[in-house]
Amino acid sequence: MHAVDLHVHTTASDGTLRPCEIAKLAREKKLFGIAVTDHDSVDGVPEAISAGLEYSVRVIAGVELSATDEARDIHILGYGMDLSCEPFRMKLSSLRCERDERIKKMVELAQRRGMPILFDDVLRESSGGAVGRPHLARAMVKRQIVSSVHEAFTLHLRRGATCFVERPQLTVKEAVRWIHDAGGVAVLAHPALIGDDAAIEAYLRFDMDGIEVDHPDNDVKQRAAYREMARRLNLFTTAGSDFHGAASGHRGDLGSQVMNYEDLPAVLRI
């Protein structure tokens, strides 16, 4: 099988490895290909593609957009977008600015509660990539405010916790349209985290092209249900580890969830 892992993060968002390091690791793990799917950013894709040529690893351009629906976080994976599409890049740039403002507000809340944390601490953790809550969590660990990333989220950064700020409102329909307008295909990410099969099917009917069936957070029963859902709705299925790096706190190892490259839609077989 030509194994591909379609959900991988780099330092362009909240991953801990650079895009070139991801390509090298994919080669070491004997993967045929990967998709770089950073949060609200495609900045790591060109470097990954260049390194992929060096290491004989196919690299598919991807992104993971963060949408919101009735206080639910809904993530949509985009694949095969035209990276030169200026309107798409401008929209991503706008999202990145909104991410910065959100994290600044969370830092301010932490400071009001006496936590010795600065926005510059978060920027150092992001290594120039799109900032997010994992970077703030890591900064809190470095400042010894908490003992782990998990504790940071549990006490301070999850919805309803002391420092949580809602993300800017990008709807699911808007996210799907952005991807399609840039020539890509849209896939509903890690559906088990949504926790409501009726809602999942409703989101899939928002002109989605596929659903991520094989993911560390989807159990065996859920995978079977999502595969059947995809069959009924005539959607393709994907597999991805959601790899963020060994030290990131995420449990999906690179290559732990894969599919056959030949089973990808033709538009993604580069």
# chains A, B, ... in the order shown; residues from 1 in each chain; ligands from 1
call {"tool": "residues_around", "arguments": {"residues": "Thr37 in chain A", "least_positions_apart": "5", "cutoff": "8 Å", "atoms": "only C-alpha atoms", "output": "PyMOL selection string"}}
result
chain A and resi 6-9+42+61-64+77-78
call {"tool": "select_by_dssp", "arguments": {"residues": "range 5-117 of chain A", "states": "alpha helix (DSSP H)", "output": "VMD selection string"}}
result
chain A and resid 19 to 28 45 to 55 86 to 112
call {"tool": "residues_around", "arguments": {"residues": "Ile34 in chain A", "least_positions_apart": "3", "cutoff": "7 Å", "atoms": "only C-alpha atoms", "output": "list in words"}}
result
Val4, Asp5, Leu6, Arg58, Val59 and Ile60 of chain A
call {"tool": "write_last_selection", "arguments": {"atoms": "N, CA and C atoms", "output": "PDB file, in the first residue's frame"}}
result
ATOM      1  N   VAL A   4      -0.548   7.049   3.034  1.00  0.00           N
ATOM      2  CA  VAL A   4      -0.510   8.495   3.205  1.00  0.00           C
ATOM      3  C   VAL A   4      -1.239   8.869   4.496  1.00  0.00           C
ATOM      4  N   ASP A   5      -0.667   9.835   5.204  1.00  0.00           N
ATOM      5  CA  ASP A   5      -1.241  10.384   6.432  1.00  0.00           C
ATOM      6  C   ASP A   5      -1.716  11.798   6.088  1.00  0.00           C
ATOM      7  N   LEU A   6      -3.032  12.022   6.170  1.00  0.00           N
ATOM      8  CA  LEU A   6      -3.619  13.258   5.648  1.00  0.00           C
ATOM      9  C   LEU A   6      -3.940  14.306   6.709  1.00  0.00           C
ATOM     10  N   ARG A  58       5.464  12.334  -1.154  1.00  0.00           N
ATOM     11  CA  ARG A  58       4.445  13.189  -1.755  1.00  0.00           C
ATOM     12  C   ARG A  58       3.859  14.100  -0.676  1.00  0.00           C
ATOM     13  N   VAL A  59       3.770  15.389  -0.952  1.00  0.00           N
ATOM     14  CA  VAL A  59       3.200  16.332   0.006  1.00  0.00           C
ATOM     15  C   VAL A  59       2.005  17.019  -0.630  1.00  0.00           C
ATOM     16  N   ILE A  60       0.841  16.852  -0.003  1.00  0.00           N
ATOM     17  CA  ILE A  60      -0.405  17.450  -0.479  1.00  0.00           C
ATOM     18  C   ILE A  60      -0.652  18.736   0.296  1.00  0.00           C
TER      19      ILE A  60
END
call {"tool": "residues_around", "arguments": {"residues": "Arg223 in chain A", "least_positions_apart": "4", "cutoff": "10 Å", "atoms": "only C-alpha atoms", "output": "list in words"}}
result
Pro191, Ala192, Glu212, Val213, Asp214, His215, Asp217, Asn218, Asp219, Arg227, Glu228 and Met229 of chain A
call {"tool": "write_last_selection", "arguments": {"atoms": "all heavy atoms", "output": "compact mmCIF listing (two decimals), in the first residue's frame"}}
result
# COMPACT_ATOMS: atom_id res chain seq x y z
N PRO A 191 -14.66 13.78 13.51
CA PRO A 191 -16.08 13.97 13.86
C PRO A 191 -16.45 13.50 15.26
O PRO A 191 -17.41 14.03 15.85
CB PRO A 191 -16.82 13.16 12.79
CG PRO A 191 -15.80 12.19 12.26
CD PRO A 191 -14.49 12.90 12.34
N ALA A 192 -15.72 12.55 15.82
CA ALA A 192 -16.07 12.07 17.16
C ALA A 192 -16.02 13.18 18.20
O ALA A 192 -16.74 13.14 19.20
CB ALA A 192 -15.14 10.93 17.58
N GLU A 212 -13.32 12.59 7.80
CA GLU A 212 -12.14 11.92 8.35
C GLU A 212 -12.60 10.75 9.23
O GLU A 212 -12.99 10.95 10.38
CB GLU A 212 -11.31 12.92 9.16
CG GLU A 212 -9.97 12.38 9.62
CD GLU A 212 -9.13 13.43 10.31
OE1 GLU A 212 -9.67 14.16 11.19
OE2 GLU A 212 -7.94 13.55 9.99
N VAL A 213 -12.52 9.56 8.69
CA VAL A 213 -13.01 8.37 9.40
C VAL A 213 -11.96 7.80 10.33
O VAL A 213 -12.23 7.48 11.49
CB VAL A 213 -13.48 7.30 8.38
CG1 VAL A 213 -13.71 5.96 9.08
CG2 VAL A 213 -14.76 7.76 7.68
N ASP A 214 -10.73 7.64 9.83
CA ASP A 214 -9.67 7.04 10.62
C ASP A 214 -8.85 8.14 11.28
O ASP A 214 -8.02 8.81 10.64
CB ASP A 214 -8.79 6.15 9.74
CG ASP A 214 -9.56 4.96 9.21
OD1 ASP A 214 -10.14 4.22 10.02
OD2 ASP A 214 -9.61 4.77 7.98
N HIS A 215 -9.09 8.33 12.57
CA HIS A 215 -8.45 9.37 13.37
C HIS A 215 -8.33 8.83 14.79
O HIS A 215 -9.18 8.05 15.24
CB HIS A 215 -9.30 10.65 13.35
CG HIS A 215 -8.72 11.78 14.14
ND1 HIS A 215 -8.90 11.91 15.50
CD2 HIS A 215 -7.96 12.85 13.76
CE1 HIS A 215 -8.27 12.99 15.92
NE2 HIS A 215 -7.70 13.58 14.90
N ASP A 217 -9.12 9.87 17.62
CA ASP A 217 -10.26 10.12 18.51
C ASP A 217 -11.54 9.40 18.08
O ASP A 217 -12.55 9.48 18.78
CB ASP A 217 -10.53 11.62 18.62
CG ASP A 217 -9.47 12.33 19.43
OD1 ASP A 217 -9.12 11.83 20.52
OD2 ASP A 217 -8.96 13.38 18.98
N ASN A 218 -11.52 8.72 16.94
CA ASN A 218 -12.68 7.96 16.48
C ASN A 218 -12.49 6.50 16.86
O ASN A 218 -11.53 5.86 16.41
CB ASN A 218 -12.83 8.06 14.95
CG ASN A 218 -13.00 9.48 14.45
OD1 ASN A 218 -13.30 10.39 15.22
ND2 ASN A 218 -12.81 9.68 13.16
N ASP A 219 -13.41 5.95 17.68
CA ASP A 219 -13.28 4.53 18.04
C ASP A 219 -13.82 3.64 16.92
O ASP A 219 -14.32 4.12 15.90
CB ASP A 219 -13.93 4.24 19.39
CG ASP A 219 -15.45 4.44 19.40
OD1 ASP A 219 -16.09 4.31 18.33
OD2 ASP A 219 -16.01 4.73 20.48
N ARG A 227 -18.20 5.69 8.22
CA ARG A 227 -17.99 5.11 6.88
C ARG A 227 -19.34 4.87 6.20
O ARG A 227 -19.49 5.13 4.99
CB ARG A 227 -17.21 3.79 7.01
CG ARG A 227 -16.30 3.51 5.82
CD ARG A 227 -15.43 2.29 6.07
NE ARG A 227 -14.47 2.50 7.15
CZ ARG A 227 -13.31 3.13 7.01
NH1 ARG A 227 -12.98 3.63 5.83
NH2 ARG A 227 -12.51 3.26 8.03
N GLU A 228 -20.31 4.40 6.97
CA GLU A 228 -21.65 4.19 6.42
C GLU A 228 -22.29 5.53 6.05
O GLU A 228 -22.97 5.66 5.03
CB GLU A 228 -22.52 3.43 7.41
CG GLU A 228 -23.99 3.32 7.04
CD GLU A 228 -24.23 2.64 5.70
OE1 GLU A 228 -23.34 1.90 5.23
OE2 GLU A 228 -25.31 2.87 5.11
N MET A 229 -22.09 6.55 6.89
CA MET A 229 -22.62 7.87 6.61
C MET A 229 -22.04 8.41 5.30
O MET A 229 -22.76 8.98 4.46
CB MET A 229 -22.26 8.81 7.78
CG MET A 229 -23.12 10.05 7.90
SD MET A 229 -22.64 11.05 9.36
CE MET A 229 -23.20 10.00 10.70
call {"tool": "atom_distance", "arguments": {"atom1": "CA of Ile117 in chain A", "atom2": "CA of Asp14 in chain A"}}
result
18.6 Å
call {"tool": "residues_around", "arguments": {"residues": "Leu95 in chain A", "least_positions_apart": "3", "cutoff": "10 Å", "atoms": "only C-alpha atoms", "output": "PyMOL selection string"}}
result
chain A and resi 39-41+65-66+89-92+98-101+130+167-170
call {"tool": "write_last_selection", "arguments": {"atoms": "N, CA, C and O atoms", "output": "PDB file, in the first residue's frame"}}
result
ATOM      1  N   HIS A  39      -3.267  24.800  11.195  1.00  0.00           N
ATOM      2  CA  HIS A  39      -4.455  25.563  11.571  1.00  0.00           C
ATOM      3  C   HIS A  39      -4.436  26.941  10.905  1.00  0.00           C
ATOM      4  O   HIS A  39      -3.534  27.755  11.151  1.00  0.00           O
ATOM      5  N   ASP A  40      -5.417  27.174  10.051  1.00  0.00           N
ATOM      6  CA  ASP A  40      -5.631  28.495   9.444  1.00  0.00           C
ATOM      7  C   ASP A  40      -4.387  29.029   8.738  1.00  0.00           C
ATOM      8  O   ASP A  40      -4.189  30.238   8.642  1.00  0.00           O
ATOM      9  N   SER A  41      -3.535  28.134   8.241  1.00  0.00           N
ATOM     10  CA  SER A  41      -2.290  28.562   7.603  1.00  0.00           C
ATOM     11  C   SER A  41      -1.832  27.544   6.570  1.00  0.00           C
ATOM     12  O   SER A  41      -1.926  26.332   6.795  1.00  0.00           O
ATOM     13  N   LEU A  65      -9.210  24.534   8.943  1.00  0.00           N
ATOM     14  CA  LEU A  65      -9.913  25.752   9.316  1.00  0.00           C
ATOM     15  C   LEU A  65     -10.746  25.506  10.568  1.00  0.00           C
ATOM     16  O   LEU A  65     -11.388  24.455  10.702  1.00  0.00           O
ATOM     17  N   SER A  66     -10.744  26.479  11.453  1.00  0.00           N
ATOM     18  CA  SER A  66     -11.477  26.374  12.722  1.00  0.00           C
ATOM     19  C   SER A  66     -12.762  27.173  12.620  1.00  0.00           C
ATOM     20  O   SER A  66     -12.736  28.404  12.584  1.00  0.00           O
ATOM     21  N   ARG A  89      -5.554  33.412   0.512  1.00  0.00           N
ATOM     22  CA  ARG A  89      -4.442  33.774   1.382  1.00  0.00           C
ATOM     23  C   ARG A  89      -4.795  34.986   2.245  1.00  0.00           C
ATOM     24  O   ARG A  89      -4.406  35.063   3.416  1.00  0.00           O
ATOM     25  N   MET A  90      -5.543  35.928   1.688  1.00  0.00           N
ATOM     26  CA  MET A  90      -5.947  37.103   2.459  1.00  0.00           C
ATOM     27  C   MET A  90      -6.895  36.717   3.584  1.00  0.00           C
ATOM     28  O   MET A  90      -6.808  37.248   4.695  1.00  0.00           O
ATOM     29  N   LYS A  91      -7.786  35.760   3.315  1.00  0.00           N
ATOM     30  CA  LYS A  91      -8.708  35.296   4.352  1.00  0.00           C
ATOM     31  C   LYS A  91      -7.944  34.601   5.479  1.00  0.00           C
ATOM     32  O   LYS A  91      -8.245  34.783   6.666  1.00  0.00           O
ATOM     33  N   LEU A  92      -6.942  33.796   5.110  1.00  0.00           N
ATOM     34  CA  LEU A  92      -6.136  33.136   6.127  1.00  0.00           C
ATOM     35  C   LEU A  92      -5.352  34.154   6.952  1.00  0.00           C
ATOM     36  O   LEU A  92      -5.211  34.010   8.172  1.00  0.00           O
ATOM     37  N   GLU A  98      -6.874  37.603  13.768  1.00  0.00           N
ATOM     38  CA  GLU A  98      -7.908  37.368  14.773  1.00  0.00           C
ATOM     39  C   GLU A  98      -7.423  36.384  15.835  1.00  0.00           C
ATOM     40  O   GLU A  98      -7.765  36.518  17.018  1.00  0.00           O
ATOM     41  N   ARG A  99      -6.605  35.397  15.437  1.00  0.00           N
ATOM     42  CA  ARG A  99      -6.020  34.463  16.394  1.00  0.00           C
ATOM     43  C   ARG A  99      -5.129  35.223  17.383  1.00  0.00           C
ATOM     44  O   ARG A  99      -5.170  34.982  18.592  1.00  0.00           O
ATOM     45  N   ASP A 100      -4.304  36.134  16.837  1.00  0.00           N
ATOM     46  CA  ASP A 100      -3.415  36.923  17.697  1.00  0.00           C
ATOM     47  C   ASP A 100      -4.218  37.702  18.740  1.00  0.00           C
ATOM     48  O   ASP A 100      -3.868  37.720  19.934  1.00  0.00           O
ATOM     49  N   GLU A 101      -5.293  38.355  18.284  1.00  0.00           N
ATOM     50  CA  GLU A 101      -6.102  39.163  19.199  1.00  0.00           C
ATOM     51  C   GLU A 101      -6.764  38.299  20.259  1.00  0.00           C
ATOM     52  O   GLU A 101      -6.863  38.696  21.426  1.00  0.00           O
ATOM     53  N   ALA A 130       1.254  30.495  13.186  1.00  0.00           N
ATOM     54  CA  ALA A 130      -0.035  30.988  13.666  1.00  0.00           C
ATOM     55  C   ALA A 130      -0.215  30.601  15.128  1.00  0.00           C
ATOM     56  O   ALA A 130      -0.104  29.424  15.484  1.00  0.00           O
ATOM     57  N   ARG A 167     -13.425  32.021  19.995  1.00  0.00           N
ATOM     58  CA  ARG A 167     -12.716  32.339  18.769  1.00  0.00           C
ATOM     59  C   ARG A 167     -13.616  33.160  17.844  1.00  0.00           C
ATOM     60  O   ARG A 167     -14.848  33.154  18.008  1.00  0.00           O
ATOM     61  N   PRO A 168     -13.043  33.884  16.893  1.00  0.00           N
ATOM     62  CA  PRO A 168     -13.844  34.633  15.921  1.00  0.00           C
ATOM     63  C   PRO A 168     -14.813  33.711  15.198  1.00  0.00           C
ATOM     64  O   PRO A 168     -14.530  32.527  14.994  1.00  0.00           O
ATOM     65  N   GLN A 169     -15.956  34.251  14.816  1.00  0.00           N
ATOM     66  CA  GLN A 169     -17.016  33.435  14.246  1.00  0.00           C
ATOM     67  C   GLN A 169     -16.805  33.196  12.742  1.00  0.00           C
ATOM     68  O   GLN A 169     -17.057  34.064  11.913  1.00  0.00           O
ATOM     69  N   LEU A 170     -16.289  32.021  12.403  1.00  0.00           N
ATOM     70  CA  LEU A 170     -16.252  31.541  11.025  1.00  0.00           C
ATOM     71  C   LEU A 170     -17.225  30.380  10.962  1.00  0.00           C
ATOM     72  O   LEU A 170     -17.075  29.394  11.691  1.00  0.00           O
TER      73      LEU A 170
END
call {"tool": "closest_residue", "arguments": {"among": "A:Val36, A:Leu118, A:Leu268, A:Val57", "to": "Gly240 in chain A", "atoms": "only C-alpha atoms"}}
result
A:Val36
call {"tool": "closest_residue", "arguments": {"among": "A:Val185, A:Leu136, A:Leu254, A:Val131", "to": "Val267 in chain A", "atoms": "only C-alpha atoms"}}
result
A:Val185
call {"tool": "residues_around", "arguments": {"residues": "Met106 in chain A", "least_positions_apart": "6", "cutoff": "10 Å", "atoms": "only C-alpha atoms", "output": "MDAnalysis selection string"}}
result
chainID A and resid 100 112 119 133 136 156:157 162:166
call {"tool": "residues_around", "arguments": {"residues": "Ala186 in chain A", "least_positions_apart": "2", "cutoff": "8 Å", "atoms": "only C-alpha atoms", "output": "list in words"}}
result
Ile76, Leu77, Gly78, Tyr79, Val176, Ile179, His180, Gly184, Leu188, Met208, Asp209 and Gly210 of chain A
call {"tool": "atom_distance", "arguments": {"atom1": "CA of Tyr261 in chain A", "atom2": "CA of Gly33 in chain A"}}
result
7.6 Å
call {"tool": "decode", "arguments": {"residues": "range 57-69 of chain A", "atoms": "N, CA, C and O atoms", "output": "PDB file, in the first residue's frame"}}
result
ATOM      1  N   VAL A  57       8.878  11.985  -0.760  1.00  0.00           N
ATOM      2  CA  VAL A  57       7.602  11.912  -0.048  1.00  0.00           C
ATOM      3  C   VAL A  57       6.618  12.856  -0.744  1.00  0.00           C
ATOM      4  O   VAL A  57       6.916  14.032  -0.933  1.00  0.00           O
ATOM      5  N   ARG A  58       5.464  12.334  -1.154  1.00  0.00           N
ATOM      6  CA  ARG A  58       4.445  13.189  -1.755  1.00  0.00           C
ATOM      7  C   ARG A  58       3.859  14.100  -0.676  1.00  0.00           C
ATOM      8  O   ARG A  58       3.470  13.619   0.391  1.00  0.00           O
ATOM      9  N   VAL A  59       3.770  15.389  -0.952  1.00  0.00           N
ATOM     10  CA  VAL A  59       3.200  16.332   0.006  1.00  0.00           C
ATOM     11  C   VAL A  59       2.005  17.019  -0.630  1.00  0.00           C
ATOM     12  O   VAL A  59       2.129  17.667  -1.673  1.00  0.00           O
ATOM     13  N   ILE A  60       0.841  16.852  -0.003  1.00  0.00           N
ATOM     14  CA  ILE A  60      -0.405  17.450  -0.479  1.00  0.00           C
ATOM     15  C   ILE A  60      -0.652  18.736   0.296  1.00  0.00           C
ATOM     16  O   ILE A  60      -0.530  18.768   1.525  1.00  0.00           O
ATOM     17  N   ALA A  61      -0.975  19.799  -0.422  1.00  0.00           N
ATOM     18  CA  ALA A  61      -1.289  21.075   0.225  1.00  0.00           C
ATOM     19  C   ALA A  61      -2.582  20.949   1.012  1.00  0.00           C
ATOM     20  O   ALA A  61      -3.611  20.518   0.481  1.00  0.00           O
ATOM     21  N   GLY A  62      -2.526  21.332   2.285  1.00  0.00           N
ATOM     22  CA  GLY A  62      -3.719  21.240   3.118  1.00  0.00           C
ATOM     23  C   GLY A  62      -3.814  22.386   4.105  1.00  0.00           C
ATOM     24  O   GLY A  62      -2.908  23.215   4.231  1.00  0.00           O
ATOM     25  N   VAL A  63      -4.933  22.426   4.801  1.00  0.00           N
ATOM     26  CA  VAL A  63      -5.174  23.419   5.847  1.00  0.00           C
ATOM     27  C   VAL A  63      -6.243  22.864   6.774  1.00  0.00           C
ATOM     28  O   VAL A  63      -7.020  21.981   6.366  1.00  0.00           O
ATOM     29  N   GLU A  64      -6.279  23.314   8.016  1.00  0.00           N
ATOM     30  CA  GLU A  64      -7.369  22.970   8.928  1.00  0.00           C
ATOM     31  C   GLU A  64      -7.992  24.274   9.416  1.00  0.00           C
ATOM     32  O   GLU A  64      -7.376  25.021  10.164  1.00  0.00           O
ATOM     33  N   LEU A  65      -9.210  24.534   8.943  1.00  0.00           N
ATOM     34  CA  LEU A  65      -9.913  25.752   9.316  1.00  0.00           C
ATOM     35  C   LEU A  65     -10.746  25.506  10.568  1.00  0.00           C
ATOM     36  O   LEU A  65     -11.388  24.455  10.702  1.00  0.00           O
ATOM     37  N   SER A  66     -10.744  26.479  11.453  1.00  0.00           N
ATOM     38  CA  SER A  66     -11.477  26.374  12.722  1.00  0.00           C
ATOM     39  C   SER A  66     -12.762  27.173  12.620  1.00  0.00           C
ATOM     40  O   SER A  66     -12.736  28.404  12.584  1.00  0.00           O
ATOM     41  N   ALA A  67     -13.894  26.467  12.569  1.00  0.00           N
ATOM     42  CA  ALA A  67     -15.201  27.120  12.496  1.00  0.00           C
ATOM     43  C   ALA A  67     -15.940  26.935  13.819  1.00  0.00           C
ATOM     44  O   ALA A  67     -15.547  26.123  14.665  1.00  0.00           O
ATOM     45  N   THR A  68     -16.994  27.697  13.985  1.00  0.00           N
ATOM     46  CA  THR A  68     -17.799  27.634  15.212  1.00  0.00           C
ATOM     47  C   THR A  68     -19.266  27.548  14.842  1.00  0.00           C
ATOM     48  O   THR A  68     -19.720  28.215  13.914  1.00  0.00           O
ATOM     49  N   ASP A  69     -19.991  26.711  15.572  1.00  0.00           N
ATOM     50  CA  ASP A  69     -21.432  26.604  15.378  1.00  0.00           C
ATOM     51  C   ASP A  69     -22.092  26.348  16.732  1.00  0.00           C
ATOM     52  O   ASP A  69     -21.909  25.292  17.330  1.00  0.00           O
TER      53      ASP A  69
END
